[in-house]
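Participant: Contents of target_13.tsv (TSV, C-alpha atoms) are given next:
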```
chain	number	residue	atom	x	y	z
P	1	SER	CA	7.76	-12.17	-7.68
P	2	GLN	CA	5.40	-12.01	-4.73
P	3	GLN	CA	2.95	-9.86	-6.66
P	4	GLY	CA	-0.55	-10.46	-5.42
P	5	GLU	CA	-3.38	-11.04	-7.81
P	6	GLU	CA	-6.85	-10.04	-6.78
P	7	ASP	CA	-10.19	-11.02	-8.16
P	8	PRO	CA	-12.59	-9.86	-9.14
P	9	GLN	CA	-11.11	-6.61	-10.45
P	10	ALA	CA	-14.50	-4.98	-9.97
P	11	LEU	CA	-17.58	-5.96	-7.98
P	12	SER	CA	-20.96	-4.25	-7.85
P	13	ILE	CA	-23.61	-5.38	-5.35
P	14	GLN	CA	-26.73	-4.12	-3.63
P	15	GLU	CA	-26.59	-2.58	-0.20
P	16	GLY	CA	-27.06	-5.24	2.44
P	17	GLU	CA	-25.49	-8.03	0.41
P	18	ASN	CA	-22.16	-9.63	1.24
P	19	ALA	CA	-19.02	-8.91	-0.78
P	20	THR	CA	-16.17	-11.34	-1.22
P	21	MET	CA	-12.83	-10.58	-2.81
P	22	ASN	CA	-9.83	-12.83	-3.19
P	23	CYS	CA	-6.06	-12.45	-3.20
P	24	SER	CA	-3.56	-15.01	-4.46
P	25	TYR	CA	0.22	-14.92	-4.21
P	26	LYS	CA	3.19	-16.94	-5.34
P	27	THR	CA	5.70	-17.37	-2.53
P	28	SER	CA	5.70	-17.99	1.22
P	29	ILE	CA	4.55	-15.13	3.42
P	30	ASN	CA	4.90	-13.88	6.98
P	31	ASN	CA	1.56	-12.15	7.02
P	32	LEU	CA	-1.08	-10.71	4.74
P	33	GLN	CA	-2.98	-7.50	5.22
P	34	TRP	CA	-6.05	-5.89	3.68
P	35	TYR	CA	-6.43	-2.17	3.03
P	36	ARG	CA	-9.22	0.09	1.81
P	37	GLN	CA	-8.71	3.11	-0.41
P	38	ASN	CA	-11.43	5.65	-0.92
P	39	SER	CA	-11.22	7.56	-4.17
P	40	GLY	CA	-8.33	10.00	-4.19
P	41	ARG	CA	-7.20	9.16	-0.67
P	42	GLY	CA	-4.45	7.19	1.03
P	43	LEU	CA	-4.84	3.59	2.10
P	44	VAL	CA	-6.36	2.62	5.43
P	45	HIS	CA	-5.50	-0.62	7.19
P	46	LEU	CA	-8.38	-3.04	7.75
P	47	ILE	CA	-6.97	-6.28	9.10
P	48	LEU	CA	-3.78	-8.35	9.34
P	49	ILE	CA	-3.64	-12.14	9.33
P	50	ARG	CA	-0.45	-14.01	10.15
P	51	SER	CA	0.79	-17.03	8.26
P	52	ASN	CA	-0.09	-19.36	11.15
P	53	GLU	CA	-3.67	-18.08	11.34
P	54	ARG	CA	-6.54	-19.31	9.23
P	55	GLU	CA	-9.32	-16.84	9.97
P	56	LYS	CA	-9.79	-13.46	11.61
P	57	HIS	CA	-12.77	-11.23	12.24
P	58	SER	CA	-13.10	-7.52	12.75
P	59	GLY	CA	-16.61	-6.13	12.93
P	60	ARG	CA	-18.26	-6.88	9.57
P	61	LEU	CA	-14.98	-8.10	8.09
P	62	ARG	CA	-13.88	-11.71	7.90
P	63	VAL	CA	-10.51	-12.70	6.46
P	64	THR	CA	-9.36	-16.21	5.69
P	65	LEU	CA	-5.91	-17.44	4.74
P	66	ASP	CA	-5.07	-20.73	3.05
P	67	THR	CA	-1.30	-21.03	2.84
P	68	SER	CA	-1.51	-24.35	1.00
P	69	LYS	CA	-3.40	-22.62	-1.81
P	70	LYS	CA	-1.50	-19.36	-1.36
P	71	SER	CA	-4.71	-17.39	-1.20
P	72	SER	CA	-6.74	-15.15	1.08
P	73	SER	CA	-10.26	-13.84	0.97
P	74	LEU	CA	-11.92	-10.78	2.45
P	75	LEU	CA	-15.63	-10.96	3.21
P	76	ILE	CA	-17.62	-7.83	4.01
P	77	THR	CA	-21.01	-8.69	5.42
P	78	ALA	CA	-24.16	-6.55	5.30
P	79	SER	CA	-22.54	-4.05	2.94
P	80	ARG	CA	-23.22	-0.32	3.20
P	81	ALA	CA	-22.86	2.52	0.73
P	82	ALA	CA	-19.83	3.71	2.72
P	83	ASP	CA	-18.03	0.46	1.86
P	84	THR	CA	-17.70	1.67	-1.74
P	85	ALA	CA	-13.93	1.80	-2.25
P	86	SER	CA	-11.00	-0.14	-3.66
P	87	TYR	CA	-9.63	-2.98	-1.56
P	88	PHE	CA	-6.04	-4.17	-1.71
P	89	CYS	CA	-4.20	-7.09	-0.21
P	90	LEU	CA	-0.64	-6.51	0.98
P	91	ILE	CA	1.69	-9.46	1.03
P	92	GLN	CA	4.52	-9.51	3.54
P	93	GLY	CA	7.21	-11.87	2.36
P	94	ALA	CA	10.95	-11.82	2.99
P	95	GLN	CA	11.38	-8.16	3.97
P	96	LYS	CA	9.46	-6.70	1.03
P	97	LEU	CA	5.84	-5.66	0.98
P	98	VAL	CA	3.90	-6.11	-2.25
P	99	PHE	CA	0.35	-5.01	-3.03
P	100	GLY	CA	-2.22	-6.79	-5.11
P	101	GLN	CA	-3.84	-4.87	-7.95
P	102	GLY	CA	-7.06	-4.30	-6.05
P	103	THR	CA	-10.78	-4.93	-6.25
P	104	ARG	CA	-13.03	-1.97	-6.91
P	105	LEU	CA	-16.20	-2.46	-4.87
P	106	THR	CA	-19.37	-0.50	-5.58
P	107	ILE	CA	-22.35	-0.72	-3.25
P	108	ASN	CA	-25.60	0.30	-4.90
P	109	PRO	CA	-28.36	1.77	-2.71
W	110	ASN	CA	-0.64	13.05	15.83
W	111	ALA	CA	-0.10	14.04	12.23
W	112	GLY	CA	0.89	10.49	11.22
W	113	VAL	CA	2.53	10.53	7.80
W	114	THR	CA	2.82	13.88	6.06
W	115	GLN	CA	3.71	14.25	2.39
W	116	THR	CA	4.56	17.41	0.52
W	117	PRO	CA	3.73	18.69	-1.99
W	118	LYS	CA	0.21	17.36	-2.58
W	119	PHE	CA	0.23	18.40	-6.23
W	120	GLN	CA	3.03	19.16	-8.66
W	121	VAL	CA	3.31	19.72	-12.40
W	122	LEU	CA	6.73	19.33	-13.99
W	123	LYS	CA	8.14	19.60	-17.47
W	124	THR	CA	10.13	16.70	-18.90
W	125	GLY	CA	13.69	16.87	-17.64
W	126	GLN	CA	12.98	18.92	-14.53
W	127	SER	CA	13.91	17.60	-11.12
W	128	MET	CA	12.02	17.62	-7.87
W	129	THR	CA	11.95	16.05	-4.43
W	130	LEU	CA	8.93	14.63	-2.64
W	131	GLN	CA	9.16	14.95	1.10
W	132	CYS	CA	7.76	12.55	3.66
W	133	ALA	CA	7.82	12.71	7.44
W	134	GLN	CA	6.31	10.48	10.12
W	135	ASP	CA	5.91	11.15	13.81
W	136	MET	CA	5.20	7.61	15.00
W	137	ASN	CA	8.83	6.60	15.64
W	138	HIS	CA	8.59	3.90	12.98
W	139	ASN	CA	11.82	2.39	11.75
W	140	SER	CA	10.66	1.48	8.24
W	141	MET	CA	9.51	3.85	5.54
W	142	TYR	CA	8.38	3.25	1.96
W	143	TRP	CA	7.67	5.03	-1.28
W	144	TYR	CA	5.01	3.63	-3.60
W	145	ARG	CA	3.56	4.82	-6.87
W	146	GLN	CA	0.01	4.18	-7.98
W	147	ASP	CA	-1.07	4.43	-11.60
W	148	PRO	CA	-4.74	4.67	-12.65
W	149	GLY	CA	-6.66	1.49	-11.95
W	150	MET	CA	-3.66	-0.26	-10.51
W	151	GLY	CA	-2.28	-1.28	-7.20
W	152	LEU	CA	0.69	0.28	-5.50
W	153	ARG	CA	4.18	-0.57	-6.69
W	154	LEU	CA	7.13	-0.26	-4.37
W	155	ILE	CA	9.80	2.18	-5.54
W	156	TYR	CA	12.22	2.18	-2.60
W	157	TYR	CA	12.09	1.35	1.06
W	158	SER	CA	14.20	2.01	4.11
W	159	ALA	CA	14.24	-0.52	6.92
W	160	SER	CA	16.12	1.80	9.25
W	161	GLU	CA	17.87	5.14	9.38
W	162	GLY	CA	20.83	5.12	7.02
W	163	THR	CA	19.68	2.17	4.89
W	164	THR	CA	17.72	2.10	1.66
W	165	ASP	CA	16.80	-0.68	-0.75
W	166	LYS	CA	15.29	-0.89	-4.19
W	167	GLY	CA	11.74	-2.05	-4.69
W	168	GLU	CA	9.98	-3.17	-7.86
W	169	VAL	CA	10.31	0.04	-9.89
W	170	PRO	CA	13.36	2.05	-8.74
W	171	ASN	CA	14.61	3.29	-12.12
W	172	GLY	CA	14.54	7.06	-12.44
W	173	TYR	CA	14.32	7.67	-8.69
W	174	ASN	CA	16.66	8.24	-5.78
W	175	VAL	CA	15.87	8.31	-2.09
W	176	SER	CA	17.39	9.66	1.09
W	177	ARG	CA	16.61	8.55	4.62
W	178	LEU	CA	17.60	11.81	6.23
W	179	ASN	CA	16.84	10.68	9.77
W	180	LYS	CA	14.36	8.38	11.45
W	181	ARG	CA	11.46	10.71	10.69
W	182	GLU	CA	12.12	11.71	7.11
W	183	PHE	CA	12.36	9.82	3.82
W	184	SER	CA	12.55	11.79	0.58
W	185	LEU	CA	12.09	10.70	-3.03
W	186	ARG	CA	13.92	12.52	-5.80
W	187	LEU	CA	13.27	12.58	-9.52
W	188	GLU	CA	16.48	13.79	-11.14
W	189	SER	CA	15.11	14.13	-14.68
W	190	ALA	CA	11.36	13.71	-14.79
W	191	ALA	CA	9.73	11.78	-17.63
W	192	PRO	CA	6.04	11.55	-18.63
W	193	SER	CA	6.09	7.89	-17.53
W	194	GLN	CA	6.58	9.13	-13.98
W	195	THR	CA	3.19	10.81	-13.96
W	196	SER	CA	1.52	9.09	-11.05
W	197	VAL	CA	0.29	9.39	-7.49
W	198	TYR	CA	3.07	8.80	-4.99
W	199	PHE	CA	2.41	7.47	-1.52
W	200	CYS	CA	4.74	7.41	1.42
W	201	ALA	CA	4.15	4.92	4.21
W	202	SER	CA	5.76	3.92	7.47
W	203	SER	CA	5.63	0.93	9.77
W	204	TYR	CA	7.42	-0.88	12.53
W	205	THR	CA	9.53	-3.86	11.48
W	206	THR	CA	11.59	-6.31	13.46
W	207	SER	CA	15.36	-6.49	13.16
W	208	GLY	CA	14.79	-9.26	10.63
W	209	GLY	CA	12.81	-6.91	8.45
W	210	VAL	CA	9.43	-8.46	9.10
W	211	ASN	CA	6.59	-6.02	9.23
W	212	THR	CA	4.54	-6.83	12.31
W	213	GLY	CA	1.75	-4.36	11.92
W	214	GLU	CA	-0.05	-2.00	9.70
W	215	LEU	CA	1.41	0.50	7.31
W	216	PHE	CA	0.38	4.09	7.82
W	217	PHE	CA	-0.01	6.07	4.62
W	218	GLY	CA	0.19	9.68	3.70
W	219	GLU	CA	-2.54	11.23	1.57
W	220	GLY	CA	-0.48	11.08	-1.61
W	221	SER	CA	1.38	13.44	-3.91
W	222	ARG	CA	-0.09	13.83	-7.39
W	223	LEU	CA	2.65	14.40	-9.95
W	224	THR	CA	2.09	15.27	-13.59
W	225	VAL	CA	5.03	15.37	-15.99
W	226	LEU	CA	4.32	17.15	-19.27
```
What would the structure in this file look like if it were written as structure tokens?

Facilitator:
Amino acid sequence: SQQGEEDPQALSIQEGENATMNCSYKTSINNLQWYRQNSGRGLVHLILIRSNEREKHSGRLRVTLDTSKKSSSLLITASRAADTASYFCLIQGAQKLVFGQGTRLTINP
Amino acid sequence: NAGVTQTPKFQVLKTGQSMTLQCAQDMNHNSMYWYRQDPGMGLRLIYYSASEGTTDKGEVPNGYNVSRLNKREFSLRLESAAPSQTSVYFCASSYTTSGGVNTGELFFGEGSRLTVL
């Protein structure tokens, strides 16, 4: 199975701090994506990193990919209350797309 | 652009009833997906369709059928609903290469909340 595993399952930090969440997987991938889900809503794409890339940035987001360890991390810098949401990694392997179980991030004012 | 539209947004069924969830996208994507999300969990793939006329099983296909009616529309049918199918269902679409590799983001609908009593 390519099921992604994310940790931590829940993370609570103060506004302004950085948040890091991790995603691990079991098989080879073509790319890995990160999504945000606000409560009760659909998922919104944040960033995609390809298997031949090691790091990507988008605004306050930084994603790394280590294919030798089969893991990726999402760093959100200078967190804001609006970043409160669940974050999911999406693993693109051979044709199928599989989500991790998510990290629930809470930003405290 | 409407993006991905799902209907209905809410539905309550009794055990054994049938229903169809509708999904349509206006982005000319070739691939479409149905996921279910249970409380506190990630999304699990039910079925996907890499192109018009083709469908494939995902992780949790039992109890469901799908139809890729045309390039725009991908429906999910519950023939005999069970309480275990109480969930939030998400439809998504994306562009994939002929080899089935997704090259970009998935676009999601807002979800259909199904309760089976």

Participant: Using all atoms listed in the file and a cut-off of 8 Å, which residues of chain P sit close to chain W? Please list them as an mmCIF file with C-alpha atoms, in the frame of the given file.

Facilitator:
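Here's the written file out07.cif:
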```cif
data_model
loop_
_atom_site.group_PDB
_atom_site.id
_atom_site.type_symbol
_atom_site.label_atom_id
_atom_site.label_comp_id
_atom_site.auth_asym_id
_atom_site.auth_seq_id
_atom_site.Cartn_x
_atom_site.Cartn_y
_atom_site.Cartn_z
ATOM 1 C CA ASN P 30 4.900 -13.880 6.980
ATOM 2 C CA GLN P 33 -2.980 -7.500 5.220
ATOM 3 C CA ARG P 41 -7.200 9.160 -0.670
ATOM 4 C CA GLY P 42 -4.450 7.190 1.030
ATOM 5 C CA LEU P 43 -4.840 3.590 2.100
ATOM 6 C CA VAL P 44 -6.360 2.620 5.430
ATOM 7 C CA HIS P 45 -5.500 -0.620 7.190
ATOM 8 C CA LEU P 48 -3.780 -8.350 9.340
ATOM 9 C CA PHE P 88 -6.040 -4.170 -1.710
ATOM 10 C CA GLN P 92 4.520 -9.510 3.540
ATOM 11 C CA GLY P 93 7.210 -11.870 2.360
ATOM 12 C CA ALA P 94 10.950 -11.820 2.990
ATOM 13 C CA GLN P 95 11.380 -8.160 3.970
ATOM 14 C CA LYS P 96 9.460 -6.700 1.030
ATOM 15 C CA LEU P 97 5.840 -5.660 0.980
ATOM 16 C CA VAL P 98 3.900 -6.110 -2.250
ATOM 17 C CA PHE P 99 0.350 -5.010 -3.030
ATOM 18 C CA GLY P 100 -2.220 -6.790 -5.110
ATOM 19 C CA GLN P 101 -3.840 -4.870 -7.950
ATOM 20 C CA GLY P 102 -7.060 -4.300 -6.050
#
```

Participant: List as a count of residues only the protein and nucleic acid residues near W:Thr116, meaning an atom at most 7 Å away when only C-alpha atoms are counted, but skip any in the same chain fewer than 2 places from it.

Facilitator: 6

Participant: Which value, in Å to one decimal, gives the distance between atom CA of W:Ala190 and atom CA of W:Arg177?

Facilitator: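 Calculated distance between atom CA of W:Ala190 and atom CA of W:Arg177 is 20.8 Å.
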
Participant: Given all atoms listed in the file as the basis, pick out the residue of P:Leu74, P:Met21, P:Ala82, P:Ile91 nearest to P:Leu46.

Facilitator: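 Of all the options, P:Leu74 lies closest to P:Leu46.
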
Participant: From the options P:Ser72, P:Gln14, P:Thr20, P:Ser28, which residue's atoms come nearest to P:Lys56, counting all atoms listed in the file?

Facilitator: P:Ser72

Participant: Can you work out the spacing between atom CA of W:Met141 and atom CA of W:Asn179 in Å, to one decimal?

Facilitator: 10.9 Å
